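The next block is upload_27.tsv, given as TSV, C-alpha atoms and all ligand atoms.
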```
chain	number	residue	atom	x	y	z
V	1	MET	CA	-19.41	-15.54	-14.65
V	2	LYS	CA	-16.90	-12.99	-15.90
V	3	PHE	CA	-13.28	-13.76	-15.07
V	4	LYS	CA	-10.90	-10.95	-14.26
V	5	ASN	CA	-8.07	-10.38	-16.71
V	6	PHE	CA	-5.64	-8.37	-14.68
V	7	PRO	CA	-2.23	-6.97	-15.57
V	8	MET	CA	0.94	-7.81	-13.72
V	9	VAL	CA	4.20	-5.96	-13.26
V	10	PRO	CA	6.11	-6.98	-16.39
V	11	ARG	CA	9.65	-6.47	-15.06
V	12	VAL	CA	11.19	-7.05	-11.66
V	13	ILE	CA	14.72	-6.98	-10.33
V	14	PHE	CA	15.27	-8.73	-7.02
V	15	GLY	CA	18.43	-8.68	-4.99
V	16	ARG	CA	20.43	-6.96	-2.32
V	17	GLY	CA	22.25	-4.07	-3.95
V	18	SER	CA	20.10	-4.16	-7.09
V	19	PHE	CA	19.25	-0.49	-6.61
V	20	ASN	CA	22.67	0.10	-8.18
V	21	GLN	CA	21.18	-0.97	-11.51
V	22	LEU	CA	18.58	1.78	-11.55
V	23	ASN	CA	20.41	4.08	-13.98
V	24	GLU	CA	21.05	1.22	-16.35
V	25	VAL	CA	17.37	0.27	-16.30
V	26	LEU	CA	16.22	3.82	-16.95
V	27	ALA	CA	18.68	4.84	-19.69
V	28	PRO	CA	16.90	3.12	-22.61
V	29	LYS	CA	13.56	4.54	-21.44
V	30	ARG	CA	14.57	8.15	-21.92
V	31	LEU	CA	12.32	9.58	-24.63
V	32	SER	CA	14.29	12.79	-25.32
V	33	VAL	CA	16.56	15.29	-23.63
V	34	SER	CA	13.57	17.40	-22.70
V	35	ALA	CA	11.55	14.49	-21.27
V	36	PRO	CA	12.95	14.13	-17.76
V	37	PHE	CA	12.83	11.36	-15.22
V	38	ILE	CA	11.08	12.53	-12.09
V	39	PHE	CA	12.05	10.80	-8.86
V	40	LEU	CA	9.50	11.02	-6.08
V	41	ILE	CA	11.37	10.09	-2.91
V	42	ASP	CA	10.28	9.85	0.72
V	43	ASP	CA	11.84	12.81	2.51
V	44	VAL	CA	13.20	10.48	5.17
V	45	PHE	CA	16.03	10.01	2.59
V	46	LYS	CA	16.65	13.72	2.08
V	47	ASN	CA	20.13	13.76	3.55
V	48	ASN	CA	20.81	10.13	2.86
V	49	VAL	CA	23.73	10.17	0.45
V	50	TRP	CA	23.99	6.39	0.57
V	51	LEU	CA	20.75	6.29	-1.37
V	52	THR	CA	20.58	9.53	-3.36
V	53	SER	CA	24.18	9.48	-4.63
V	54	ARG	CA	23.31	6.39	-6.63
V	55	ILE	CA	20.70	8.26	-8.68
V	56	GLN	CA	22.25	9.81	-11.76
V	57	LEU	CA	20.44	12.98	-12.80
V	58	SER	CA	20.84	14.14	-16.41
V	59	TYR	CA	19.30	17.00	-18.43
V	60	ASN	CA	16.16	18.16	-16.60
V	61	ASP	CA	15.73	15.15	-14.34
V	62	ARG	CA	14.42	16.06	-10.92
V	63	ILE	CA	14.20	14.66	-7.46
V	64	ILE	CA	11.13	15.74	-5.50
V	65	PHE	CA	11.27	14.82	-1.81
V	66	ILE	CA	7.85	14.18	-0.31
V	67	SER	CA	6.79	13.66	3.28
V	68	SER	CA	4.86	10.47	4.00
V	69	LYS	CA	3.53	11.82	7.25
V	70	GLU	CA	0.10	11.89	5.68
V	71	GLU	CA	-1.33	9.42	3.22
V	72	PRO	CA	-1.66	10.50	-0.43
V	73	LYS	CA	-4.42	12.92	-1.30
V	74	THR	CA	-6.05	13.60	-4.65
V	75	GLN	CA	-5.20	17.33	-4.37
V	76	GLN	CA	-1.60	16.45	-3.64
V	77	VAL	CA	-1.46	14.37	-6.82
V	78	ASP	CA	-3.05	17.22	-8.81
V	79	ALA	CA	-0.51	19.71	-7.44
V	80	LEU	CA	2.43	17.44	-8.26
V	81	VAL	CA	1.16	16.90	-11.79
V	82	GLU	CA	0.75	20.63	-12.30
V	83	ASP	CA	4.24	21.28	-10.99
V	84	ILE	CA	5.72	18.66	-13.31
V	85	ILE	CA	3.84	19.97	-16.36
V	86	LEU	CA	4.88	23.55	-15.63
V	87	THR	CA	8.54	22.71	-15.19
V	88	SER	CA	9.13	20.30	-18.06
V	89	LYS	CA	8.79	21.02	-21.76
V	90	GLU	CA	7.55	17.54	-22.53
V	91	ASN	CA	5.79	14.87	-20.57
V	92	PRO	CA	8.38	13.03	-18.46
V	93	SER	CA	10.11	9.87	-19.65
V	94	GLY	CA	9.24	8.23	-16.38
V	95	ILE	CA	8.13	8.60	-12.78
V	96	ILE	CA	10.14	6.72	-10.18
V	97	GLY	CA	8.63	6.26	-6.72
V	98	ILE	CA	11.08	5.47	-3.90
V	99	GLY	CA	9.65	4.85	-0.43
V	100	GLY	CA	6.81	3.01	1.24
V	101	GLY	CA	3.21	2.59	0.13
V	102	THR	CA	2.69	6.35	0.32
V	103	LEU	CA	5.39	7.18	-2.22
V	104	LEU	CA	4.62	4.16	-4.41
V	105	ASP	CA	0.96	5.17	-4.61
V	106	LEU	CA	1.86	8.78	-5.37
V	107	ALA	CA	4.15	7.68	-8.21
V	108	LYS	CA	1.41	5.50	-9.70
V	109	ALA	CA	-1.21	8.24	-9.44
V	110	VAL	CA	1.04	10.95	-10.88
V	111	SER	CA	1.98	8.74	-13.83
V	112	ILE	CA	-1.72	8.22	-14.58
V	113	MET	CA	-2.72	11.84	-14.16
V	114	LEU	CA	0.01	13.11	-16.50
V	115	THR	CA	-1.87	11.54	-19.41
V	116	ASN	CA	-5.46	11.87	-18.23
V	117	THR	CA	-7.35	15.15	-17.94
V	118	GLY	CA	-9.14	16.49	-14.88
V	119	SER	CA	-8.44	15.73	-11.24
V	120	ALA	CA	-7.28	12.52	-9.60
V	121	LYS	CA	-10.58	12.44	-7.70
V	122	ASP	CA	-12.42	11.82	-10.98
V	123	TYR	CA	-10.67	8.48	-11.32
V	124	GLN	CA	-11.22	7.05	-7.83
V	125	GLY	CA	-13.06	3.85	-8.51
V	126	TRP	CA	-12.74	0.94	-10.89
V	127	ASP	CA	-11.56	1.19	-14.50
V	128	LEU	CA	-12.19	4.88	-15.04
V	129	VAL	CA	-8.74	5.66	-16.47
V	130	LYS	CA	-8.84	6.19	-20.24
V	131	ASN	CA	-5.27	6.73	-21.39
V	132	PRO	CA	-2.17	4.66	-20.64
V	133	SER	CA	-0.02	6.13	-17.89
V	134	ILE	CA	3.56	7.27	-18.21
V	135	TYR	CA	6.32	4.67	-17.66
V	136	HIS	CA	6.61	4.26	-13.91
V	137	VAL	CA	8.98	2.44	-11.61
V	138	GLY	CA	8.40	1.39	-8.01
V	139	ILE	CA	11.20	0.94	-5.52
V	140	PRO	CA	9.95	-0.02	-2.04
V	141	THR	CA	12.03	0.98	0.98
V	142	ILE	CA	9.74	-0.69	3.52
V	143	SER	CA	7.83	-3.93	3.01
V	144	GLY	CA	4.24	-4.92	3.54
V	145	THR	CA	1.64	-2.96	1.60
V	146	GLY	CA	1.97	-4.88	-1.65
V	147	SER	CA	1.56	-1.59	-3.49
V	148	GLU	CA	4.59	-2.61	-5.56
V	149	VAL	CA	2.46	-5.26	-7.29
V	150	SER	CA	-1.11	-4.04	-6.95
V	151	ARG	CA	-3.52	-2.62	-9.50
V	152	THR	CA	-4.55	0.25	-7.27
V	153	THR	CA	-3.28	3.51	-5.82
V	154	VAL	CA	-5.14	4.44	-2.67
V	155	LEU	CA	-6.04	8.12	-2.43
V	156	THR	CA	-7.99	10.24	-0.02
V	157	GLY	CA	-10.20	12.66	-1.89
V	158	PRO	CA	-12.70	15.31	-0.85
V	159	GLU	CA	-15.49	12.76	-0.65
V	160	LYS	CA	-13.94	9.37	-0.27
V	161	LYS	CA	-10.89	7.29	0.37
V	162	LEU	CA	-10.73	5.00	-2.61
V	163	GLY	CA	-8.12	3.74	-5.02
V	164	ILE	CA	-7.63	4.39	-8.69
V	165	ASN	CA	-8.03	0.77	-9.77
V	166	SER	CA	-7.07	0.33	-13.39
V	167	ASP	CA	-5.01	-1.66	-15.84
V	168	TYR	CA	-2.71	1.37	-16.15
V	169	THR	CA	-1.98	1.55	-12.43
V	170	PRO	CA	0.59	-1.26	-11.93
V	171	PHE	CA	4.25	-0.39	-12.24
V	172	ASP	CA	6.13	-1.09	-15.48
V	173	GLN	CA	9.21	-1.96	-13.49
V	174	VAL	CA	9.88	-2.78	-9.85
V	175	ILE	CA	13.23	-2.97	-8.11
V	176	LEU	CA	13.20	-5.07	-4.94
V	177	ASP	CA	16.37	-4.34	-3.01
V	178	SER	CA	15.87	-5.36	0.61
V	179	GLU	CA	18.96	-3.42	1.68
V	180	LEU	CA	16.89	-0.25	1.23
V	181	THR	CA	14.72	-1.36	4.18
V	182	LYS	CA	17.58	-1.78	6.65
V	183	ASP	CA	16.92	1.40	8.65
V	184	VAL	CA	13.15	1.15	9.06
V	185	PRO	CA	12.27	1.79	12.73
V	186	ILE	CA	10.95	-1.29	14.52
V	187	ASP	CA	7.42	0.03	15.18
V	188	GLN	CA	6.91	0.99	11.56
V	189	TRP	CA	8.46	-2.31	10.42
V	190	PHE	CA	5.81	-4.06	12.49
V	191	TYR	CA	2.83	-1.95	11.36
V	192	THR	CA	3.62	-2.18	7.65
V	193	GLY	CA	4.63	-5.85	7.97
V	194	MET	CA	1.29	-6.55	9.66
V	195	ASP	CA	-0.46	-4.94	6.70
V	196	CYS	CA	0.90	-7.86	4.69
V	197	TYR	CA	-0.06	-10.38	7.36
V	198	ILE	CA	-3.60	-8.97	7.47
V	199	HIS	CA	-3.85	-9.05	3.66
V	200	CYS	CA	-3.16	-12.78	3.88
V	201	VAL	CA	-5.59	-13.49	6.71
V	202	GLU	CA	-8.37	-11.53	5.05
V	203	SER	CA	-7.77	-13.05	1.65
V	204	LEU	CA	-7.45	-16.62	2.94
V	205	SER	CA	-10.58	-16.48	5.07
V	206	GLY	CA	-12.69	-14.61	2.54
V	207	THR	CA	-15.53	-15.93	0.41
V	208	TYR	CA	-13.75	-14.73	-2.75
V	209	LEU	CA	-10.92	-17.16	-2.14
V	210	ASN	CA	-9.71	-19.22	-5.10
V	211	ALA	CA	-6.68	-21.39	-5.77
V	212	PHE	CA	-4.74	-18.49	-7.29
V	213	SER	CA	-5.12	-16.26	-4.24
V	214	GLU	CA	-4.76	-19.12	-1.83
V	215	SER	CA	-1.38	-20.21	-3.14
V	216	TYR	CA	0.07	-16.69	-2.86
V	217	GLY	CA	-1.69	-16.06	0.45
V	218	ASN	CA	-0.37	-19.22	2.06
V	219	MET	CA	3.13	-18.45	0.87
V	220	ALA	CA	3.05	-14.94	2.32
V	221	LEU	CA	1.39	-16.04	5.55
V	222	GLY	CA	4.08	-18.67	6.12
V	223	LEU	CA	6.80	-16.08	5.51
V	224	CYS	CA	5.16	-13.64	7.95
V	225	LYS	CA	5.04	-16.25	10.70
V	226	GLU	CA	8.68	-17.07	10.07
V	227	ILE	CA	9.69	-13.40	10.14
V	228	PHE	CA	7.62	-12.29	13.12
V	229	LEU	CA	7.66	-15.39	15.32
V	230	ASP	CA	10.92	-17.27	14.65
V	231	ASN	CA	14.20	-16.33	16.22
V	232	THR	CA	16.44	-17.94	13.67
V	233	LEU	CA	16.57	-15.41	10.83
V	234	SER	CA	19.39	-12.93	10.33
V	235	ASP	CA	18.39	-9.31	9.69
V	236	LYS	CA	19.24	-9.70	6.05
V	237	GLU	CA	17.15	-12.87	5.66
V	238	SER	CA	14.26	-11.31	7.48
V	239	GLN	CA	14.34	-8.22	5.25
V	240	GLU	CA	14.48	-10.30	2.08
V	241	LYS	CA	11.67	-12.57	3.20
V	242	LEU	CA	9.42	-9.67	4.20
V	243	MET	CA	9.95	-8.11	0.79
V	244	MET	CA	8.78	-11.34	-0.84
V	245	ALA	CA	5.91	-11.72	1.64
V	246	SER	CA	4.69	-8.24	0.71
V	247	TRP	CA	4.79	-9.19	-2.97
V	248	HIS	CA	2.94	-12.45	-2.49
V	249	GLY	CA	0.41	-10.90	-0.11
V	250	GLY	CA	-0.30	-8.29	-2.77
V	251	MET	CA	-0.62	-10.99	-5.43
V	252	SER	CA	-3.06	-12.83	-3.21
V	253	ILE	CA	-5.44	-9.87	-2.97
V	254	VAL	CA	-5.33	-8.85	-6.63
V	255	TYR	CA	-7.44	-11.91	-7.34
V	256	SER	CA	-9.53	-11.81	-4.14
V	257	GLN	CA	-10.17	-8.97	-1.70
V	258	VAL	CA	-9.34	-7.73	1.78
V	259	GLY	CA	-11.90	-7.73	4.59
V	260	VAL	CA	-13.15	-6.36	7.90
V	261	ALA	CA	-9.90	-4.84	9.20
V	262	HIS	CA	-9.32	-2.90	5.99
V	263	ALA	CA	-12.89	-1.64	5.77
V	264	MET	CA	-12.79	-0.37	9.35
V	265	SER	CA	-9.27	1.00	9.06
V	266	TYR	CA	-10.36	3.11	6.06
V	267	GLY	CA	-12.94	4.68	8.37
V	268	LEU	CA	-10.27	5.54	10.96
V	269	SER	CA	-8.01	6.94	8.31
V	270	TYR	CA	-10.72	9.08	6.72
V	271	LEU	CA	-11.85	10.67	9.97
V	272	LEU	CA	-8.73	10.67	12.15
V	273	GLY	CA	-5.94	10.44	9.58
V	274	THR	CA	-4.74	7.19	11.18
V	275	LYS	CA	-2.21	5.67	8.82
V	276	HIS	CA	-2.91	2.40	7.07
V	277	GLY	CA	-0.46	0.07	8.83
V	278	ILE	CA	-1.09	1.16	12.39
V	279	GLY	CA	-4.83	1.60	11.70
V	280	ASN	CA	-5.07	-1.99	10.51
V	281	CYS	CA	-3.27	-3.16	13.65
V	282	ILE	CA	-5.55	-1.16	15.96
V	283	VAL	CA	-8.62	-2.63	14.29
V	284	PHE	CA	-7.36	-6.18	13.81
V	285	ASP	CA	-6.52	-6.48	17.52
V	286	HIS	CA	-10.30	-6.41	18.19
V	287	LEU	CA	-11.46	-8.79	15.46
V	288	GLU	CA	-11.26	-12.21	17.20
V	289	GLU	CA	-14.89	-12.75	16.30
V	290	PHE	CA	-14.13	-12.65	12.57
V	291	TYR	CA	-10.56	-13.95	12.44
V	292	PRO	CA	-9.97	-16.03	15.62
V	293	GLU	CA	-6.81	-17.80	14.50
V	294	GLY	CA	-5.34	-14.75	12.72
V	295	VAL	CA	-5.85	-12.51	15.74
V	296	LYS	CA	-4.33	-15.09	18.08
V	297	PHE	CA	-1.07	-15.09	16.09
V	298	PHE	CA	-1.22	-11.32	15.75
V	299	LYS	CA	-1.28	-10.93	19.52
V	300	GLN	CA	1.71	-13.28	19.83
V	301	MET	CA	3.66	-11.24	17.29
V	302	LYS	CA	2.72	-7.99	19.00
V	303	ALA	CA	3.90	-9.30	22.37
V	304	LYS	CA	7.12	-10.74	20.96
V	305	HIS	CA	8.15	-7.39	19.50
V	306	HIS	CA	6.90	-5.32	22.47
V	307	ILE	CA	4.52	-3.29	20.35
V	308	GLU	CA	2.15	-1.04	22.29
V	309	LEU	CA	-0.78	0.03	20.14
V	310	PRO	CA	-2.61	3.30	20.87
V	311	LYS	CA	-5.77	2.80	22.90
V	312	ASN	CA	-9.11	4.61	23.16
V	313	ILE	CA	-8.64	6.53	19.95
V	314	CYS	CA	-12.41	6.50	19.40
V	315	SER	CA	-13.53	7.04	22.97
V	316	ASP	CA	-14.04	10.79	22.67
V	317	LEU	CA	-15.76	10.78	19.31
V	318	SER	CA	-19.24	12.21	18.92
V	319	ASP	CA	-22.07	10.18	17.41
V	320	SER	CA	-21.87	12.16	14.18
V	321	GLU	CA	-18.14	11.48	13.92
V	322	LEU	CA	-18.70	7.80	14.53
V	323	ASP	CA	-21.39	7.86	11.86
V	324	ILE	CA	-18.91	9.24	9.33
V	325	MET	CA	-16.49	6.40	10.04
V	326	ILE	CA	-19.26	3.84	9.86
V	327	LYS	CA	-20.46	5.24	6.55
V	328	ILE	CA	-16.98	5.10	5.03
V	329	ALA	CA	-16.43	1.56	6.31
V	330	LEU	CA	-19.80	0.29	5.07
V	331	SER	CA	-19.31	1.86	1.65
V	332	LEU	CA	-16.57	-0.67	0.92
V	333	GLU	CA	-19.07	-3.31	-0.09
V	334	PRO	CA	-16.76	-5.79	-1.85
V	335	LEU	CA	-14.64	-6.02	1.30
V	336	TRP	CA	-17.64	-6.94	3.43
V	337	GLU	CA	-18.98	-9.34	0.87
V	338	ASN	CA	-15.62	-11.05	0.72
V	339	ALA	CA	-15.39	-11.21	4.51
V	340	LEU	CA	-18.91	-12.25	5.37
V	341	GLY	CA	-20.63	-13.46	2.23
V	342	LYS	CA	-23.54	-12.16	0.16
V	343	ASN	CA	-25.73	-11.60	3.22
V	344	TRP	CA	-23.18	-9.43	4.99
V	345	LYS	CA	-25.68	-6.65	5.61
V	346	LYS	CA	-27.51	-8.94	8.03
V	347	ILE	CA	-24.33	-9.56	10.03
V	348	ILE	CA	-22.69	-6.17	10.09
V	349	THR	CA	-25.01	-3.32	11.00
V	350	PRO	CA	-24.13	0.31	11.83
V	351	ALA	CA	-24.85	-0.47	15.50
V	352	LYS	CA	-22.46	-3.39	15.46
V	353	LEU	CA	-19.74	-1.29	13.86
V	354	LYS	CA	-20.26	1.47	16.37
V	355	HIS	CA	-19.80	-0.99	19.20
V	356	LEU	CA	-16.58	-2.28	17.63
V	357	TYR	CA	-15.18	1.22	16.99
V	358	GLN	CA	-15.93	2.23	20.56
V	359	LYS	CA	-13.66	-0.54	21.80
V	360	MET	CA	-10.71	0.89	19.82
I	401	LIG	P1	4.62	4.84	4.42
I	401	LIG	O1	5.02	4.86	3.01
I	401	LIG	O2	3.61	5.82	4.84
I	401	LIG	O3	5.91	4.99	5.32
I	401	LIG	C1	5.82	4.80	6.71
I	401	LIG	C2	6.98	5.43	7.45
I	401	LIG	O4	8.18	4.69	7.21
I	401	LIG	C3	7.26	6.86	7.01
I	401	LIG	O5	7.55	7.63	8.15
I	401	LIG	C4	8.49	6.72	6.14
I	401	LIG	O6	9.24	7.89	6.11
I	401	LIG	C5	9.21	5.59	6.82
I	401	LIG	N1	10.15	4.85	5.98
I	401	LIG	C6	9.92	4.26	4.78
I	401	LIG	N2	11.04	3.62	4.36
I	401	LIG	C7	11.99	3.85	5.30
I	401	LIG	C8	13.36	3.44	5.44
I	401	LIG	N3	13.94	2.65	4.55
I	401	LIG	N4	14.04	3.84	6.53
I	401	LIG	C9	13.42	4.60	7.49
I	401	LIG	N5	12.14	4.99	7.42
I	401	LIG	C10	11.43	4.62	6.34
I	401	LIG	O7	4.12	3.42	4.91
I	401	LIG	P2	3.52	2.12	4.24
I	401	LIG	O8	2.91	1.39	5.36
I	401	LIG	O9	4.52	1.44	3.39
I	401	LIG	O10	2.41	2.67	3.26
I	401	LIG	C11	1.14	3.10	3.68
I	401	LIG	C12	0.39	3.60	2.48
I	401	LIG	O11	0.26	2.55	1.53
I	401	LIG	C13	-1.00	4.10	2.76
I	401	LIG	O12	-1.20	5.33	2.11
I	401	LIG	C14	-1.90	3.03	2.19
I	401	LIG	O13	-3.14	3.52	1.75
I	401	LIG	C15	-1.07	2.53	1.05
I	401	LIG	N6	-1.38	1.17	0.62
I	401	LIG	C16	-1.49	0.96	-0.71
I	401	LIG	C17	-1.78	-0.29	-1.21
I	401	LIG	C18	-1.89	-0.48	-2.67
I	401	LIG	O14	-2.13	-1.59	-3.12
I	401	LIG	N7	-1.74	0.52	-3.48
I	401	LIG	C19	-1.92	-1.36	-0.34
I	401	LIG	C20	-1.80	-1.14	1.03
I	401	LIG	C21	-1.50	0.15	1.49
I	402	ZN	ZN	-3.48	-3.07	3.43
```

How would this structure read if it were set down as structure tokens?
Amino acid sequence: MKFKNFPMVPRVIFGRGSFNQLNEVLAPKRLSVSAPFIFLIDDVFKNNVWLTSRIQLSYNDRIIFISSKEEPKTQQVDALVEDIILTSKENPSGIIGIGGGTLLDLAKAVSIMLTNTGSAKDYQGWDLVKNPSIYHVGIPTISGTGSEVSRTTVLTGPEKKLGINSDYTPFDQVILDSELTKDVPIDQWFYTGMDCYIHCVESLSGTYLNAFSESYGNMALGLCKEIFLDNTLSDKESQEKLMMASWHGGMSIVYSQVGVAHAMSYGLSYLLGTKHGIGNCIVFDHLEEFYPEGVKFFKQMKAKHHIELPKNICSDLSDSELDIMIKIALSLEPLWENALGKNWKKIITPAKLKHLYQKM
């Protein structure tokens, strides 16, 4: 048995208003006047002076606003890297990602690809990255994905949707300021929050479960139930707790794995571009058979917050389109093995998956 030796985020600031310390954190990391800090920021903050006015730009530092309408692509990472190389004399001092999972993953991928040759698609997989990445900082503005703590950056490439999983992927610094999440629309709050809830359910009911993952998973699951089912929390408490739930949910899966909902949601995302949070919700809603207790609570949370999920998104798909989704979902072998055990291929067949997708 080989035990995983995985890296963790070495520095974290937690606290409401802690975003104000960003400049102070970055200053000692500046390598030279011609090695800029590059801020990759979700374009939802483009005219948001409350946020951007607190970022001090010096020398050739740049803000690049990026839309998170679509999930990160390998070509998008390559284009950003090229742009950064062409516009700065030296490799940047740091990449700072500000936004949800989309922006956090882009920041991680760009920081890796600035020091590794070729295209981001060449590194989709496990432990393919050769050189240490550039100093990178993650600042979530919506909670749930756990990308702020994870060892992966999920990218859609020409052939597959798969993360760059490596020891160089995790952030060097994270700033957890729950105030940054205060304006997240309720639907999106629910979808991304449920990503965290589903991480916990899939980790806790998986065959890869161990005491490490279980302790983090239970912690995050408890927080999710408090946030999404209790009426007693103030907005501020709820935002702080969801930020911590996201962190713990992420910690739970670094030492275990996700399961059925994630495997199937990757299929939806690859074919239809369905985003991760909502895709997980659409799938999870139909997974009573695999996660009876988890789905029961999910339905209660959905009803409590009046969330209407899209229906029949697969009803018009051709057989060949369904086959593509099934192939993508089945390619995620560790997820199935975690969910259903070593003999998962006997339980989950292409026909079974087709039947499930057709219900969605
Ligand atoms: P997201 O980053 O795509 O953002 C969702 C929406 O919320 C966007 O419209 C965005 O503009 C908006 N938004 C974000 N912060 C806001 C704020 N403070 N106020 C108002 N609007 C705000 O969503 P996400 O669910 O956080 O991330 C999904 C991505 O994360 C996917 O690409 C998925 O693959 C990835 N992911 C990565 C990991 C990992 O470990 N690396 C884990 C899970 C998911
Ligand atoms: Zn997820």

*So which residues are near ligand LIG 401 (chain I), meaning at most 6 Å away with all atoms listed in the file counted, given back as a VMD selection string?*
chain V and resid 42 44 68 to 69 71 to 72 99 to 103 105 141 to 142 145 to 147 150 152 to 154 180 to 181 183 to 184 188 192 276 to 277

Written file, previous selection with C-alpha atoms, as an mmCIF file, in the coordinates of the input:
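Everything below was put into part_7.cif:
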```cif
data_model
loop_
_atom_site.group_PDB
_atom_site.id
_atom_site.type_symbol
_atom_site.label_atom_id
_atom_site.label_comp_id
_atom_site.auth_asym_id
_atom_site.auth_seq_id
_atom_site.Cartn_x
_atom_site.Cartn_y
_atom_site.Cartn_z
ATOM 1 C CA ASP V 42 10.280 9.850 0.720
ATOM 2 C CA VAL V 44 13.200 10.480 5.170
ATOM 3 C CA SER V 68 4.860 10.470 4.000
ATOM 4 C CA LYS V 69 3.530 11.820 7.250
ATOM 5 C CA GLU V 71 -1.330 9.420 3.220
ATOM 6 C CA PRO V 72 -1.660 10.500 -0.430
ATOM 7 C CA GLY V 99 9.650 4.850 -0.430
ATOM 8 C CA GLY V 100 6.810 3.010 1.240
ATOM 9 C CA GLY V 101 3.210 2.590 0.130
ATOM 10 C CA THR V 102 2.690 6.350 0.320
ATOM 11 C CA LEU V 103 5.390 7.180 -2.220
ATOM 12 C CA ASP V 105 0.960 5.170 -4.610
ATOM 13 C CA THR V 141 12.030 0.980 0.980
ATOM 14 C CA ILE V 142 9.740 -0.690 3.520
ATOM 15 C CA THR V 145 1.640 -2.960 1.600
ATOM 16 C CA GLY V 146 1.970 -4.880 -1.650
ATOM 17 C CA SER V 147 1.560 -1.590 -3.490
ATOM 18 C CA SER V 150 -1.110 -4.040 -6.950
ATOM 19 C CA THR V 152 -4.550 0.250 -7.270
ATOM 20 C CA THR V 153 -3.280 3.510 -5.820
ATOM 21 C CA VAL V 154 -5.140 4.440 -2.670
ATOM 22 C CA LEU V 180 16.890 -0.250 1.230
ATOM 23 C CA THR V 181 14.720 -1.360 4.180
ATOM 24 C CA ASP V 183 16.920 1.400 8.650
ATOM 25 C CA VAL V 184 13.150 1.150 9.060
ATOM 26 C CA GLN V 188 6.910 0.990 11.560
ATOM 27 C CA THR V 192 3.620 -2.180 7.650
ATOM 28 C CA HIS V 276 -2.910 2.400 7.070
ATOM 29 C CA GLY V 277 -0.460 0.070 8.830
#
```

*asked:* Under the rule that only C-alpha atoms and all ligand atoms are counted, which of V:Thr349, V:Asn343, V:Ser143, V:Ser119 is the nearest residue to ligand ZN 402 (chain I)?
replied: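 So, comparing all the options, the nearest one is V:Ser143.
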
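What separates CA of Phe297 in chain V from CA of Asn280 in chain V is a distance of 14.8 Å.
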
*Taking (5.4, -15.9, 6.8) in the file's coordinates as the center, which residues reach within 12 Å of it, counting all atoms listed in the file, put as a ChimeraX atom specification?*
/V:144,193-194,196-201,216-230,233,238-249,297,301

*For Leu155 in chain V, please output as a PyMOL selection string all residues within 12 Å (counting all atoms listed in the file; exclusion window: fewer than 5 positions along the same chain).*
chain V and resi 70-78+101-110+119-125+160-165+266+269-270+276

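CA of Ser111 in chain V sits 4.9 Å away from CA of Ile134 in chain V.
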
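In terms of minimum interatomic distance to Asn23 in chain V, V:Gln56 ranks closest within V:Ser166, V:Phe37, V:Ser252, V:Gln56, counting only C-alpha atoms.
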
_One decimal, in Å: what's the spacing between CA of Trp189 in chain V and CA of Ala261 in chain V?_
18.6 Å

*asked:* Applying 8 Å and all atoms listed in the file, which residues near Asn210 in chain V remain after dropping the ones on its own chain fewer than 3 positions away? List them as a list in words.
replied: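 So the residues in contact are Ser213, Glu214, Tyr255 and Ser256 of chain V.
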
*Nearest candidate to Lys130 in chain V (options V:Tyr168, V:Phe190, V:Phe6, V:Phe19; using only C-alpha atoms)*: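 The answer is V:Tyr168, which sits nearest to Lys130 in chain V.
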
Just want the 8 Å neighbourhood of Leu114 in chain V, counted on all atoms listed in the file, with same-chain residues fewer than 5 positions away dropped. Output as an mmCIF file with C-alpha atoms, in the coordinates of the input.
```cif
data_model
loop_
_atom_site.group_PDB
_atom_site.id
_atom_site.type_symbol
_atom_site.label_atom_id
_atom_site.label_comp_id
_atom_site.auth_asym_id
_atom_site.auth_seq_id
_atom_site.Cartn_x
_atom_site.Cartn_y
_atom_site.Cartn_z
ATOM 1 C CA VAL V 81 1.160 16.900 -11.790
ATOM 2 C CA ILE V 85 3.840 19.970 -16.360
ATOM 3 C CA ASN V 91 5.790 14.870 -20.570
ATOM 4 C CA SER V 133 -0.020 6.130 -17.890
ATOM 5 C CA ILE V 134 3.560 7.270 -18.210
#
```

*Using only C-alpha atoms, which of the listed residues (V:Glu308, V:Ile139, V:Glu289, V:Lys299) sits closest to Ile186 in chain V?*
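Going through V:Glu308, V:Ile139, V:Glu289, V:Lys299 one by one, the smallest distance to Ile186 in chain V is for V:Glu308.
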